[in-house]
Each structure stands twice: as structure tokens, then as C-alpha cells.
file start-v3.txt (compact mmCIF, C-alpha atoms)
# COMPACT_ATOMS: atom_id res chain seq x y z
CA MET A 1 -15.44 -56.64 -16.96
CA LYS A 2 -13.17 -55.43 -19.73
CA ILE A 3 -9.80 -57.18 -19.92
CA TYR A 4 -6.72 -55.32 -21.17
CA ASP A 5 -3.34 -56.74 -22.08
CA VAL A 6 -1.74 -53.94 -20.06
CA LEU A 7 -3.51 -51.98 -17.34
CA VAL A 8 -1.50 -48.99 -16.15
CA ILE A 9 -2.23 -47.31 -12.82
CA GLY A 10 -1.09 -43.70 -12.91
CA GLY A 11 -0.76 -41.21 -15.76
CA GLY A 12 2.63 -39.65 -15.06
CA PRO A 13 5.67 -39.97 -17.35
CA GLY A 14 6.26 -43.61 -16.36
CA GLY A 15 2.68 -44.72 -16.85
CA ASN A 16 2.07 -42.94 -20.12
CA THR A 17 5.40 -44.08 -21.59
CA ALA A 18 4.55 -47.69 -20.69
CA ALA A 19 1.17 -47.14 -22.38
CA LEU A 20 2.81 -45.62 -25.47
CA TYR A 21 5.26 -48.49 -25.93
CA ALA A 22 2.70 -51.20 -25.17
CA ALA A 23 0.12 -49.66 -27.53
CA ARG A 24 2.70 -49.38 -30.30
CA SER A 25 3.42 -53.09 -29.82
CA GLY A 26 -0.21 -53.77 -30.63
CA LEU A 27 -1.32 -54.55 -27.08
CA SER A 28 -4.62 -53.31 -25.66
CA VAL A 29 -3.85 -50.70 -23.02
CA ALA A 30 -5.72 -48.53 -20.53
CA VAL A 31 -4.29 -45.94 -18.16
CA LEU A 32 -6.19 -45.26 -14.95
CA GLU A 33 -5.54 -41.70 -13.77
CA LYS A 34 -7.28 -40.13 -10.78
CA LEU A 35 -6.82 -36.49 -11.74
CA SER A 36 -5.03 -35.47 -14.93
CA ALA A 37 -1.95 -36.41 -16.90
CA GLY A 38 1.59 -35.76 -15.74
CA GLY A 39 1.66 -36.75 -12.10
CA GLN A 40 4.10 -34.78 -9.97
CA MET A 41 5.68 -33.08 -12.97
CA ALA A 42 2.34 -31.47 -13.86
CA THR A 43 2.80 -29.01 -11.00
CA THR A 44 6.28 -28.02 -12.21
CA SER A 45 6.19 -24.93 -14.38
CA VAL A 46 9.55 -25.46 -16.05
CA ILE A 47 11.45 -28.72 -16.46
CA ASP A 48 15.02 -27.90 -17.49
CA ASN A 49 16.54 -31.37 -17.50
CA TYR A 50 14.37 -33.28 -19.94
CA PRO A 51 16.50 -33.59 -23.09
CA GLY A 52 15.24 -32.06 -26.31
CA PHE A 53 13.94 -28.88 -24.68
CA PRO A 54 16.90 -26.48 -24.37
CA ASP A 55 14.58 -23.69 -23.23
CA GLY A 56 12.81 -25.90 -20.70
CA VAL A 57 9.38 -27.44 -20.99
CA ASP A 58 6.20 -26.87 -19.00
CA GLY A 59 5.55 -29.97 -16.86
CA PHE A 60 1.81 -29.78 -17.30
CA GLU A 61 2.11 -29.49 -21.08
CA LEU A 62 4.62 -32.33 -21.24
CA GLY A 63 2.20 -34.53 -19.29
CA GLN A 64 -0.67 -33.70 -21.62
CA GLN A 65 1.50 -34.43 -24.65
CA MET A 66 2.69 -37.78 -23.27
CA GLU A 67 -0.92 -38.76 -22.69
CA GLN A 68 -1.96 -37.67 -26.19
CA GLN A 69 0.95 -39.56 -27.71
CA ALA A 70 -0.11 -42.78 -25.95
CA GLN A 71 -3.72 -42.20 -27.00
CA LYS A 72 -2.65 -41.66 -30.61
CA TYR A 73 -1.51 -45.29 -30.74
CA GLY A 74 -4.66 -46.61 -29.13
CA ALA A 75 -4.12 -46.40 -25.37
CA GLU A 76 -7.29 -45.48 -23.47
CA THR A 77 -7.29 -43.06 -20.54
CA ILE A 78 -9.82 -43.67 -17.78
CA TYR A 79 -10.19 -40.91 -15.20
CA GLY A 80 -10.91 -43.01 -12.16
CA GLU A 81 -9.51 -43.36 -8.67
CA VAL A 82 -8.35 -46.87 -7.84
CA THR A 83 -9.94 -48.18 -4.66
CA GLU A 84 -8.76 -51.78 -4.64
CA ALA A 85 -6.22 -53.91 -6.47
CA ASP A 86 -6.05 -57.70 -6.63
CA LEU A 87 -2.66 -58.30 -8.21
CA LEU A 88 -2.57 -62.02 -7.40
CA ALA A 89 -5.76 -62.84 -9.33
CA GLU A 90 -5.63 -64.11 -12.92
CA PRO A 91 -6.29 -61.82 -14.71
CA LYS A 92 -5.45 -59.07 -12.22
CA VAL A 93 -8.40 -56.98 -11.08
CA ILE A 94 -8.43 -53.23 -10.42
CA ARG A 95 -11.53 -51.64 -8.88
CA SER A 96 -12.04 -47.90 -9.34
CA SER A 97 -14.54 -45.09 -9.07
CA GLU A 98 -15.21 -45.63 -12.79
CA GLY A 99 -15.81 -49.38 -12.48
CA ASP A 100 -13.79 -52.58 -12.43
CA PHE A 101 -11.10 -53.46 -14.96
CA ALA A 102 -8.93 -56.49 -15.53
CA GLY A 103 -5.39 -56.69 -16.83
CA ARG A 104 -3.35 -59.66 -18.05
CA THR A 105 -0.47 -57.48 -16.89
CA VAL A 106 -0.50 -54.45 -14.60
CA VAL A 107 1.97 -51.57 -14.58
CA LEU A 108 2.07 -49.74 -11.26
CA ALA A 109 2.94 -46.09 -11.88
CA THR A 110 1.40 -44.50 -8.82
CA GLY A 111 4.36 -42.28 -7.97
CA ALA A 112 4.99 -40.58 -4.67
CA TYR A 113 3.68 -37.66 -2.67
CA PRO A 114 5.40 -35.22 -0.32
CA ARG A 115 6.22 -36.45 3.16
CA GLU A 116 4.44 -34.56 5.92
CA LEU A 117 6.05 -33.19 9.07
CA GLY A 118 3.67 -35.19 11.21
CA LEU A 119 3.04 -32.29 13.58
CA PRO A 120 -0.25 -31.41 15.29
CA GLY A 121 -2.36 -28.95 13.27
CA GLU A 122 -0.48 -29.66 10.05
CA GLN A 123 -3.53 -30.91 8.12
CA ASP A 124 -5.66 -28.01 9.22
CA LEU A 125 -2.97 -25.45 8.33
CA ARG A 126 -2.55 -26.86 4.85
CA GLY A 127 -3.25 -23.89 2.63
CA ARG A 128 -3.14 -21.60 5.66
CA GLY A 129 0.60 -21.33 5.74
CA VAL A 130 1.68 -24.95 5.35
CA ALA A 131 2.57 -25.90 1.79
CA TYR A 132 4.41 -28.68 -0.02
CA CYS A 133 5.05 -27.25 -3.49
CA ALA A 134 6.86 -23.94 -3.94
CA THR A 135 6.10 -23.54 -7.63
CA CYS A 136 2.40 -24.24 -6.92
CA ASP A 137 1.81 -22.09 -3.88
CA GLY A 138 4.76 -19.71 -3.83
CA MET A 139 2.83 -16.82 -5.32
CA MET A 140 0.59 -16.82 -2.25
CA PHE A 141 3.62 -15.73 -0.24
CA ARG A 142 4.76 -12.80 -2.35
CA ASP A 143 6.71 -10.34 -0.16
CA LYS A 144 6.22 -12.54 2.91
CA THR A 145 8.60 -14.45 5.16
CA VAL A 146 8.80 -18.18 4.59
CA VAL A 147 10.65 -21.19 5.91
CA VAL A 148 11.71 -24.07 3.70
CA ASN A 149 12.30 -27.28 5.61
CA GLY A 150 14.70 -29.84 4.15
CA GLY A 151 18.20 -30.25 2.78
CA GLY A 152 17.84 -32.07 -0.52
CA ASN A 153 17.57 -30.77 -4.06
CA THR A 154 13.84 -30.14 -3.76
CA ALA A 155 14.28 -28.03 -0.64
CA VAL A 156 17.06 -25.98 -2.21
CA GLU A 157 15.18 -25.52 -5.48
CA ASP A 158 12.14 -24.40 -3.48
CA ALA A 159 14.25 -21.96 -1.46
CA LEU A 160 15.77 -20.46 -4.61
CA TYR A 161 12.40 -20.17 -6.30
CA LEU A 162 10.85 -18.52 -3.26
CA SER A 163 13.81 -16.17 -2.79
CA ARG A 164 12.75 -14.43 -5.99
CA LEU A 165 9.23 -13.84 -4.65
CA CYS A 166 9.44 -13.55 -0.90
CA ALA A 167 10.80 -10.86 1.39
CA LYS A 168 12.83 -13.41 3.39
CA VAL A 169 13.55 -17.11 3.00
CA TYR A 170 15.00 -19.36 5.72
CA LEU A 171 16.20 -22.84 4.91
CA VAL A 172 15.90 -25.08 7.95
CA HIS A 173 17.94 -28.26 7.84
CA ARG A 174 18.56 -30.83 10.57
CA ARG A 175 22.17 -31.51 9.51
CA ASP A 176 25.21 -29.26 9.21
CA GLN A 177 25.51 -29.68 5.46
CA LEU A 178 23.24 -30.00 2.45
CA ARG A 179 22.57 -33.13 0.46
CA ALA A 180 21.77 -30.90 -2.50
CA SER A 181 24.07 -30.60 -5.53
CA ALA A 182 27.05 -28.29 -5.04
CA VAL A 183 25.88 -26.06 -7.88
CA TYR A 184 23.06 -24.86 -5.66
CA ARG A 185 25.16 -23.77 -2.71
CA ARG A 186 26.53 -20.60 -4.22
CA ALA A 187 23.13 -19.70 -5.62
CA LEU A 188 21.62 -19.85 -2.13
CA ASP A 189 24.20 -17.39 -0.82
CA GLU A 190 23.75 -15.10 -3.81
CA GLN A 191 19.98 -15.07 -3.33
CA GLY A 192 20.29 -14.20 0.35
CA VAL A 193 18.69 -17.40 1.65
CA GLU A 194 19.52 -17.76 5.33
CA ILE A 195 20.38 -21.33 6.27
CA LEU A 196 19.60 -22.50 9.80
CA TRP A 197 21.74 -25.61 10.38
CA ASN A 198 21.17 -28.41 12.85
CA SER A 199 17.57 -27.42 13.30
CA ARG A 200 14.31 -29.24 13.09
CA VAL A 201 10.74 -28.00 13.15
CA THR A 202 9.01 -29.22 16.29
CA ALA A 203 5.75 -27.25 16.34
CA LEU A 204 3.53 -25.03 14.20
CA LYS A 205 2.30 -21.87 15.91
CA ARG A 206 -0.92 -20.36 14.70
CA GLU A 207 -3.80 -18.03 14.99
CA LYS A 208 -6.11 -18.44 12.04
CA ARG A 209 -3.05 -19.00 9.89
CA LEU A 210 0.48 -20.08 10.61
CA THR A 211 2.34 -17.35 12.53
CA ALA A 212 5.62 -19.05 13.48
CA VAL A 213 7.43 -22.32 13.66
CA GLU A 214 9.16 -23.73 16.71
CA LEU A 215 12.71 -24.83 15.97
CA GLU A 216 14.83 -27.18 18.02
CA ASP A 217 18.60 -27.15 17.86
CA VAL A 218 19.37 -30.86 17.43
CA LYS A 219 22.73 -30.50 19.19
CA THR A 220 21.71 -28.50 22.28
CA GLY A 221 17.98 -29.29 22.43
CA GLU A 222 17.34 -25.58 22.76
CA LYS A 223 14.03 -24.36 21.35
CA ARG A 224 13.06 -21.04 19.84
CA GLU A 225 10.30 -19.55 17.77
CA LEU A 226 10.82 -18.22 14.26
CA PRO A 227 7.99 -15.96 13.09
CA CYS A 228 6.95 -16.65 9.49
CA ASP A 229 3.96 -16.53 7.15
CA GLY A 230 4.53 -19.89 5.58
CA ILE A 231 6.48 -23.12 5.69
CA PHE A 232 7.30 -25.20 2.64
CA VAL A 233 7.85 -28.80 3.63
CA ALA A 234 10.44 -30.53 1.44
CA ILE A 235 11.63 -33.44 3.57
CA GLY A 236 11.25 -36.16 0.99
CA ARG A 237 8.53 -38.20 -0.58
CA VAL A 238 6.42 -41.20 0.27
CA PRO A 239 5.65 -43.84 -2.38
CA ASP A 240 1.95 -44.30 -3.09
CA THR A 241 1.78 -48.04 -2.46
CA GLY A 242 -0.84 -48.34 0.26
CA LEU A 243 -3.22 -50.29 -2.00
CA PHE A 244 -0.63 -52.95 -2.78
CA THR A 245 0.73 -53.68 0.69
CA GLY A 246 0.94 -57.42 1.36
CA GLN A 247 0.61 -58.37 -2.32
CA LEU A 248 4.12 -57.77 -3.55
CA GLU A 249 7.55 -57.07 -2.16
CA LEU A 250 8.12 -53.54 -0.86
CA ASP A 251 11.30 -52.20 0.70
CA SER A 252 11.36 -50.78 4.23
CA ALA A 253 10.39 -47.30 2.95
CA GLY A 254 7.41 -48.68 1.02
CA TYR A 255 8.89 -48.60 -2.50
CA ILE A 256 8.07 -51.52 -4.81
CA VAL A 257 11.12 -53.73 -5.19
CA ALA A 258 12.01 -54.05 -8.89
CA ASP A 259 15.18 -53.77 -10.96
CA GLU A 260 15.62 -52.06 -14.31
CA SER A 261 13.34 -54.66 -15.97
CA CYS A 262 10.61 -53.23 -13.72
CA ARG A 263 9.50 -56.78 -12.84
CA THR A 264 8.12 -57.01 -9.32
CA SER A 265 7.87 -60.06 -7.08
CA VAL A 266 4.49 -60.85 -8.72
CA PRO A 267 4.72 -62.23 -12.29
CA GLY A 268 2.97 -59.92 -14.74
CA VAL A 269 3.09 -56.94 -12.39
CA PHE A 270 5.58 -54.17 -13.16
CA ALA A 271 6.57 -51.01 -11.31
CA VAL A 272 7.74 -47.83 -13.05
CA GLY A 273 8.86 -44.37 -12.04
CA ASP A 274 9.15 -42.94 -8.54
CA VAL A 275 7.29 -45.85 -6.95
CA ARG A 276 10.09 -48.31 -7.84
CA THR A 277 13.28 -48.88 -5.87
CA LYS A 278 15.91 -46.87 -7.76
CA ALA A 279 18.69 -44.38 -7.26
CA VAL A 280 17.58 -41.47 -9.43
CA ARG A 281 13.96 -40.33 -9.53
CA GLN A 282 13.52 -38.04 -12.52
CA VAL A 283 11.06 -37.57 -15.39
CA ILE A 284 13.47 -39.22 -17.78
CA THR A 285 14.15 -42.26 -15.58
CA ALA A 286 10.40 -42.71 -15.14
CA ALA A 287 9.93 -42.59 -18.91
CA ALA A 288 12.78 -45.07 -19.36
CA ASP A 289 11.07 -47.43 -16.91
CA GLY A 290 7.91 -47.19 -18.99
CA ALA A 291 9.70 -48.46 -22.08
CA ASN A 292 11.33 -51.30 -20.12
CA ALA A 293 8.09 -52.33 -18.43
CA ALA A 294 6.24 -52.44 -21.76
CA HIS A 295 8.99 -54.62 -23.21
CA PHE A 296 8.92 -57.11 -20.34
CA ALA A 297 5.11 -57.05 -20.17
CA GLU A 298 5.03 -58.03 -23.83
CA GLU A 299 7.57 -60.80 -23.17
CA TYR A 300 5.47 -62.04 -20.25
CA LEU A 301 2.32 -62.11 -22.40
CA LEU A 302 4.13 -64.04 -25.17
CA ASN A 303 5.27 -66.65 -22.66
CA GLN A 304 1.70 -67.06 -21.43
CA LEU A 305 0.49 -68.16 -24.88
CA MET B 306 -20.83 -27.50 -22.19
CA THR B 307 -17.48 -25.98 -21.36
CA PRO B 308 -16.81 -24.12 -18.08
CA ILE B 309 -18.09 -20.52 -18.00
CA GLU B 310 -15.75 -17.67 -17.12
CA LEU B 311 -17.28 -15.89 -14.15
CA THR B 312 -16.93 -12.19 -13.38
CA LYS B 313 -18.40 -9.88 -10.77
CA GLU B 314 -20.78 -8.74 -13.52
CA ASN B 315 -22.22 -12.14 -14.48
CA PHE B 316 -21.91 -13.95 -11.11
CA GLU B 317 -25.45 -13.03 -10.02
CA SER B 318 -27.15 -14.25 -13.18
CA VAL B 319 -24.99 -17.28 -13.95
CA VAL B 320 -24.46 -18.61 -10.44
CA LEU B 321 -26.88 -17.18 -7.89
CA GLN B 322 -29.99 -17.29 -10.08
CA SER B 323 -29.19 -20.60 -11.78
CA GLU B 324 -31.82 -23.31 -11.64
CA LEU B 325 -29.10 -25.93 -11.92
CA PRO B 326 -26.40 -26.47 -9.29
CA VAL B 327 -23.25 -24.52 -10.14
CA LEU B 328 -19.72 -25.73 -9.42
CA VAL B 329 -17.44 -22.69 -9.05
CA ASP B 330 -13.67 -23.08 -9.22
CA PHE B 331 -11.48 -20.26 -7.87
CA TRP B 332 -8.15 -20.47 -9.68
CA ALA B 333 -5.24 -18.52 -11.16
CA PRO B 334 -3.04 -19.18 -14.18
CA TRP B 335 0.13 -19.45 -12.07
CA CYS B 336 -1.30 -22.13 -9.77
CA GLY B 337 -0.01 -25.60 -10.58
CA TYR B 338 -2.72 -27.55 -8.80
CA CYS B 339 -5.37 -25.41 -10.53
CA ARG B 340 -4.01 -26.46 -13.89
CA ARG B 341 -4.04 -30.10 -12.83
CA ILE B 342 -7.75 -30.03 -12.04
CA ALA B 343 -8.69 -27.96 -15.11
CA PRO B 344 -9.07 -31.04 -17.38
CA VAL B 345 -11.28 -32.64 -14.71
CA LEU B 346 -13.57 -29.58 -14.65
CA ASP B 347 -13.82 -29.73 -18.46
CA GLN B 348 -14.83 -33.39 -18.17
CA LEU B 349 -17.42 -32.67 -15.46
CA ALA B 350 -18.95 -29.85 -17.51
CA LYS B 351 -19.34 -32.25 -20.43
CA GLN B 352 -20.35 -35.34 -18.48
CA TYR B 353 -23.03 -33.58 -16.38
CA ASP B 354 -24.28 -31.27 -19.13
CA GLY B 355 -27.88 -30.34 -18.39
CA LYS B 356 -27.51 -31.28 -14.71
CA LEU B 357 -24.66 -29.07 -13.57
CA VAL B 358 -23.10 -25.76 -14.59
CA VAL B 359 -19.35 -25.37 -14.16
CA GLY B 360 -17.88 -21.88 -13.72
CA LYS B 361 -14.39 -20.54 -13.11
CA VAL B 362 -13.24 -17.43 -11.27
CA ASN B 363 -9.75 -16.18 -12.10
CA ILE B 364 -8.78 -14.56 -8.78
CA ASP B 365 -6.16 -12.34 -10.42
CA GLU B 366 -8.89 -10.73 -12.52
CA GLN B 367 -11.74 -10.96 -10.00
CA PRO B 368 -10.34 -9.91 -6.60
CA GLU B 369 -13.83 -8.79 -5.48
CA LEU B 370 -15.19 -12.33 -5.83
CA GLU B 371 -12.11 -13.77 -4.14
CA GLU B 372 -12.69 -11.45 -1.19
CA ARG B 373 -16.45 -11.95 -1.10
CA PHE B 374 -16.11 -15.71 -0.65
CA GLY B 375 -13.03 -15.49 1.57
CA VAL B 376 -10.87 -17.58 -0.74
CA GLU B 377 -7.40 -17.92 0.79
CA ILE B 378 -6.17 -20.97 -1.05
CA ILE B 379 -6.56 -22.10 -4.61
CA PRO B 380 -7.92 -24.17 -6.10
CA THR B 381 -11.05 -23.83 -3.94
CA LEU B 382 -14.33 -25.19 -5.26
CA PHE B 383 -17.81 -24.11 -4.14
CA LEU B 384 -21.12 -25.72 -5.04
CA PHE B 385 -24.07 -23.34 -5.29
CA ARG B 386 -27.66 -24.59 -5.13
CA ASN B 387 -30.44 -22.00 -5.38
CA GLY B 388 -27.97 -19.23 -4.69
CA GLU B 389 -26.60 -20.85 -1.53
CA THR B 390 -23.32 -22.58 -0.89
CA GLY B 391 -22.04 -25.03 1.70
CA GLU B 392 -18.52 -26.09 2.70
CA PRO B 393 -16.02 -25.63 -0.13
CA ILE B 394 -13.46 -28.24 -1.10
CA VAL B 395 -9.80 -27.23 -1.30
CA ASN B 396 -7.35 -28.75 -3.76
CA PRO B 397 -9.24 -32.00 -4.44
CA GLY B 398 -6.97 -34.93 -5.29
CA SER B 399 -9.16 -36.77 -7.77
CA LYS B 400 -12.18 -36.49 -10.01
CA ALA B 401 -13.88 -39.04 -7.76
CA GLN B 402 -13.32 -36.79 -4.73
CA ILE B 403 -15.02 -33.84 -6.46
CA GLU B 404 -17.96 -36.02 -7.51
CA ALA B 405 -18.41 -37.38 -3.98
CA TRP B 406 -18.22 -33.90 -2.43
CA ALA B 407 -20.69 -32.44 -4.95
CA GLY B 408 -23.04 -35.42 -4.60
CA LEU B 409 -22.89 -36.16 -8.33

call {"tool": "encode", "arguments": {"input": "start-v3.txt", "output": "C-alpha cells"}}
result
Amino acid sequence: MKIYDVLVIGGGPGGNTAALYAARSGLSVAVLEKLSAGGQMATTSVIDNYPGFPDGVDGFELGQQMEQQAQKYGAETIYGEVTEADLLAEPKVIRSSEGDFAGRTVVLATGAYPRELGLPGEQDLRGRGVAYCATCDGMMFRDKTVVVNGGGNTAVEDALYLSRLCAKVYLVHRRDQLRASAVYRRALDEQGVEILWNSRVTALKREKRLTAVELEDVKTGEKRELPCDGIFVAIGRVPDTGLFTGQLELDSAGYIVADESCRTSVPGVFAVGDVRTKAVRQVITAAADGANAAHFAEEYLLNQL
Amino acid sequence: MTPIELTKENFESVVLQSELPVLVDFWAPWCGYCRRIAPVLDQLAKQYDGKLVVGKVNIDEQPELEERFGVEIIPTLFLFRNGETGEPIVNPGSKAQIEAWAGL
């Protein structure tokens, strides 16, 4: 079994930045990635808030470039899906579809995935009207009627994006105000997005595809059906930490507890990016975590000598 | 080998009459998830060279093929053996998942 100084799980901005910094420090590094570089940002067509790109940058391209930059300094990329992690072993052992690997340190950069509604038929309707990524699947709903569910920045960004493609966009939110930045509010009105306040989605109506959603007024309990061709679910994200449960400290939502040093409750194990407890989950904060984790991984390795 | 661009003109010869199994990816340039699996398809074409053919159908340019195979969601992957295909896989989440589905 090959032993690396730093074994990174996940090839998004956090993971590949950790790999870049660790490799440039002369450490042996491998990144395990189940699909392709970039993580969540790879499905974003334009990233407008990553500094240095005044005209925006393609998320997929940025992911590829971060991976190439890490590789340039010697980091390996292994395209394997992790099936098991033993973080308490010495060295730490990661089993994957491409074989087993060991790391003197491990950087967990597994990110997060969209939270599901948890309604009957949701899995089966995925791709038949139920979607989780407006920039990925929006084009499938050109000139159709869609519902966006959620009240945060993602939901509002999705609604604005879809309003340029779709015949009609409803934004369904369970509260009476948005959590999204104020700058978005006016844009929603200008784009003709209809906001349905105090409402939650309680059922998915279907034939072969989604035909309507059932909405419940959270104040009165009254239910009604809203015909639509699609629903974009944007009610938050879930950290991808299932493989690590019981091995290190997680918060009540499942995020790995770590401060800015990215050190977790297990010595030699670091958490970067969206999977870590933090206030702001952005490409740049993930990248910043990567640099910090590499620094403290190096410090940990020096102290082990 | 690199993935082959499939059209309604070459589909018969490249896919249906192939002696090797053919993995066919229905995709479009605007589809984020399609772009994410593109590097994986390149790797599969290389890794299983001589055992598997990988082909791609751009649904914007090949609406007839999209219709013929009833593709409603992309990316959708089909595996053809001796001109026949079974259950497709939709938006696979990992290279390992594609390999398991295709029996590679």
C-alpha cells in the first residue's frame, strides 16, 4: 500500500489547493476524486466572485486549472471513489474503487451536496421535473413553468437564472422574507419572479413527469396545487461526511468541526472547504482552507519526526 | 482511443454493428453535469482501449437520436452490446459507478 505524506479526499477548490501547497512544500501528495476536478463549482458556468477574473470564470475550467496546477508541482490525482476511511489508524487508511492508500495526514475535502425535499417520488422524478441545479438543468425547461424552492442566495440565483429562460418562475419560500442578499430582491421583481411566501412544498404530483406541486400555507395549513413543469430544490446543502461518522467530531448538521487551522478532533486529519464548520462557504474560502490545511499538515509531520 | 462523435449517419456502423461493447453518452455543451463526466469518459476510452468503444451524441445537433432513444435527461449513458441496449444510467456520480453499471 502506497503511503503519502498528504492524502486528500475530494478534488474541489479546497482539496486541490491543499494539494498544491503541500506539493510545493515538497510533500508527497495524492488527491482522490470520484468524478472530475472542481467539485460543486464545476457545474457553475460563470463564477463572478473569484478575484482576478473581472469577466467571470467558468467553474469547470477553474477546477481543471486548479488540478493541473497541483499536478505541476507533483501532486497525483487518482480517480477513485472512497468506500471506507480509517482515520484513527497510523498511518491513516483510505480504501477506494482504485485500491487502498495510506496517508500520514489526511485532508477531508468531500464538500456537500444539495439537500432533498424528502418527499415520496422525489428520487424517481429526478430528471423528470425535479432538479437541484438551475445552471445544469435549466435549459431543459426553456419556455416552461418552474418552481424554485428555497429562500437563500442559491434559490434566488436559481430563480433569476431561470427567469431568463422560462415562461414563468415561482419562488416558494416557507418564511415571509428572504435570507438572500438585499441586492437580489430588486432583481427578482424586475425579472417578474413571483414569490409565494409562507409556503412549503408538501407533495409532488405526477404523471410520467412532474405536473404540479402541492403547497401548504404554513400559517393557515391550507393546501393547494400549483401546476408546473419543474421544481428546482434549493433548500440548502448536506455535508458529505457519512464515511467519517464516529471517527471525528461532527456538529449537529454533520459538518466536520474545525477552526481556521482546519485541524479536526483527530490529529493529522484536516477538513477544508464546505465540509468544515464555517460561516461563509465560497470557492475562495475553500481555497484558503487548502492553504491553511497544508501548512498545519506540514507542521504536524515535522512534529512527528 | 478518444470518444467518437456519433451522428445519425454513423450510428449504425459505429454503434449497432460494433463487435465491441459501445458506451454512448447523450450530452449537450450547456449541461454542467455532462461536462463533469466528460474527463471520465476520456479516461474510460483510454483505459479500456481495445475492449470498449466510447461514443458521444450531442443532442443539440442530433435530435433524431435523442428522440429515437427517448432521452429526456442528460447526461444519459447507454451500453450497446451486439446492437442491443439495456437500462441506461442517468447522471452517474463517479467513475466507479459507470464501471459497475457497464460491468467493466

call {"tool": "closest_residue", "arguments": {"input": "start-v3.txt", "among": "A:Val29, A:Leu7, A:Cys133, A:Ala18", "to": "chain B", "atoms": "only C-alpha atoms"}}
result
A:Cys133

call {"tool": "interface_residues", "arguments": {"input": "start-v3.txt", "of": "chain A", "to": "chain B", "cutoff": "7 Å", "atoms": "only C-alpha atoms", "output": "list of chain:residue names"}}
result
A:Lys34, A:Leu35, A:Ser36, A:Ala42, A:Thr43, A:Thr44, A:Gly80, A:Glu81, A:Ser97, A:Gly127, A:Cys136, A:Asp137

call {"tool": "residues_near_point", "arguments": {"input": "start-v3.txt", "point": "(21.3, -17.6, 2.2)", "cutoff": "10 Å", "atoms": "all atoms listed in the file", "output": "list of chain:residue names"}}
result
A:Ala159, A:Leu160, A:Ser163, A:Lys168, A:Val169, A:Tyr170, A:Leu171, A:Arg185, A:Arg186, A:Ala187, A:Leu188, A:Asp189, A:Glu190, A:Gln191, A:Gly192, A:Val193, A:Glu194, A:Ile195, A:Leu196

call {"tool": "residues_near_point", "arguments": {"input": "start-v3.txt", "point": "(25.3, -30.4, 5.8)", "cutoff": "10 Å", "atoms": "only C-alpha atoms", "output": "PyMOL selection string"}}
result
chain A and resi 151-152+173-180+197-198

call {"tool": "closest_residue", "arguments": {"input": "start-v3.txt", "among": "A:Met140, A:Leu87, A:Val275, A:Val213", "to": "Ile364 (chain B)", "atoms": "only C-alpha atoms"}}
result
A:Met140

call {"tool": "residues_around", "arguments": {"input": "start-v3.txt", "residues": "Val266 (chain A)", "least_positions_apart": "6", "cutoff": "8 Å", "atoms": "all atoms listed in the file", "output": "list in words"}}
result
Leu87, Leu88, Gln247 and Leu248 of chain A

call {"tool": "residues_around", "arguments": {"input": "start-v3.txt", "residues": "Gly129 (chain A)", "least_positions_apart": "3", "cutoff": "7 Å", "atoms": "all atoms listed in the file", "output": "PyMOL selection string"}}
result
chain A and resi 125-126+209-210+229-231

call {"tool": "decode", "arguments": {"input": "start-v3.txt", "residues": "region 12-25 of chain A", "atoms": "N, CA, C and O atoms", "output": "compact mmCIF listing (two decimals), in the first residue's frame"}}
result
# COMPACT_ATOMS: atom_id res chain seq x y z
N GLY A 12 -12.14 19.33 -5.26
CA GLY A 12 -12.69 20.68 -5.46
C GLY A 12 -11.63 21.72 -5.15
O GLY A 12 -10.44 21.39 -5.02
N PRO A 13 -12.03 22.99 -5.02
CA PRO A 13 -11.05 24.05 -4.77
C PRO A 13 -10.27 23.87 -3.47
O PRO A 13 -9.08 24.17 -3.41
N GLY A 14 -10.92 23.35 -2.42
CA GLY A 14 -10.23 23.12 -1.15
C GLY A 14 -9.19 22.03 -1.28
O GLY A 14 -8.03 22.20 -0.89
N GLY A 15 -9.60 20.91 -1.84
CA GLY A 15 -8.71 19.76 -1.96
C GLY A 15 -7.51 20.03 -2.86
O GLY A 15 -6.36 19.73 -2.51
N ASN A 16 -7.77 20.64 -4.00
CA ASN A 16 -6.65 20.87 -4.93
C ASN A 16 -5.73 21.99 -4.46
O ASN A 16 -4.54 21.98 -4.79
N THR A 17 -6.26 22.94 -3.69
CA THR A 17 -5.36 23.97 -3.13
C THR A 17 -4.49 23.36 -2.03
O THR A 17 -3.29 23.66 -1.95
N ALA A 18 -5.06 22.50 -1.20
CA ALA A 18 -4.26 21.80 -0.19
C ALA A 18 -3.16 21.00 -0.89
O ALA A 18 -1.99 21.01 -0.47
N ALA A 19 -3.51 20.34 -1.99
CA ALA A 19 -2.54 19.53 -2.74
C ALA A 19 -1.44 20.42 -3.32
O ALA A 19 -0.25 20.08 -3.27
N LEU A 20 -1.83 21.56 -3.87
CA LEU A 20 -0.87 22.50 -4.45
C LEU A 20 0.16 22.95 -3.41
O LEU A 20 1.36 22.88 -3.62
N TYR A 21 -0.37 23.42 -2.28
CA TYR A 21 0.53 23.95 -1.23
C TYR A 21 1.39 22.84 -0.64
O TYR A 21 2.58 23.05 -0.38
N ALA A 22 0.82 21.67 -0.41
CA ALA A 22 1.59 20.57 0.19
C ALA A 22 2.67 20.10 -0.79
O ALA A 22 3.82 19.86 -0.40
N ALA A 23 2.31 20.00 -2.07
CA ALA A 23 3.28 19.55 -3.07
C ALA A 23 4.42 20.56 -3.20
O ALA A 23 5.59 20.18 -3.33
N ARG A 24 4.08 21.83 -3.16
CA ARG A 24 5.13 22.86 -3.26
C ARG A 24 6.03 22.89 -2.03
O ARG A 24 7.13 23.42 -2.07
N SER A 25 5.54 22.30 -0.92
CA SER A 25 6.39 22.19 0.27
C SER A 25 7.25 20.94 0.22
O SER A 25 7.92 20.61 1.19
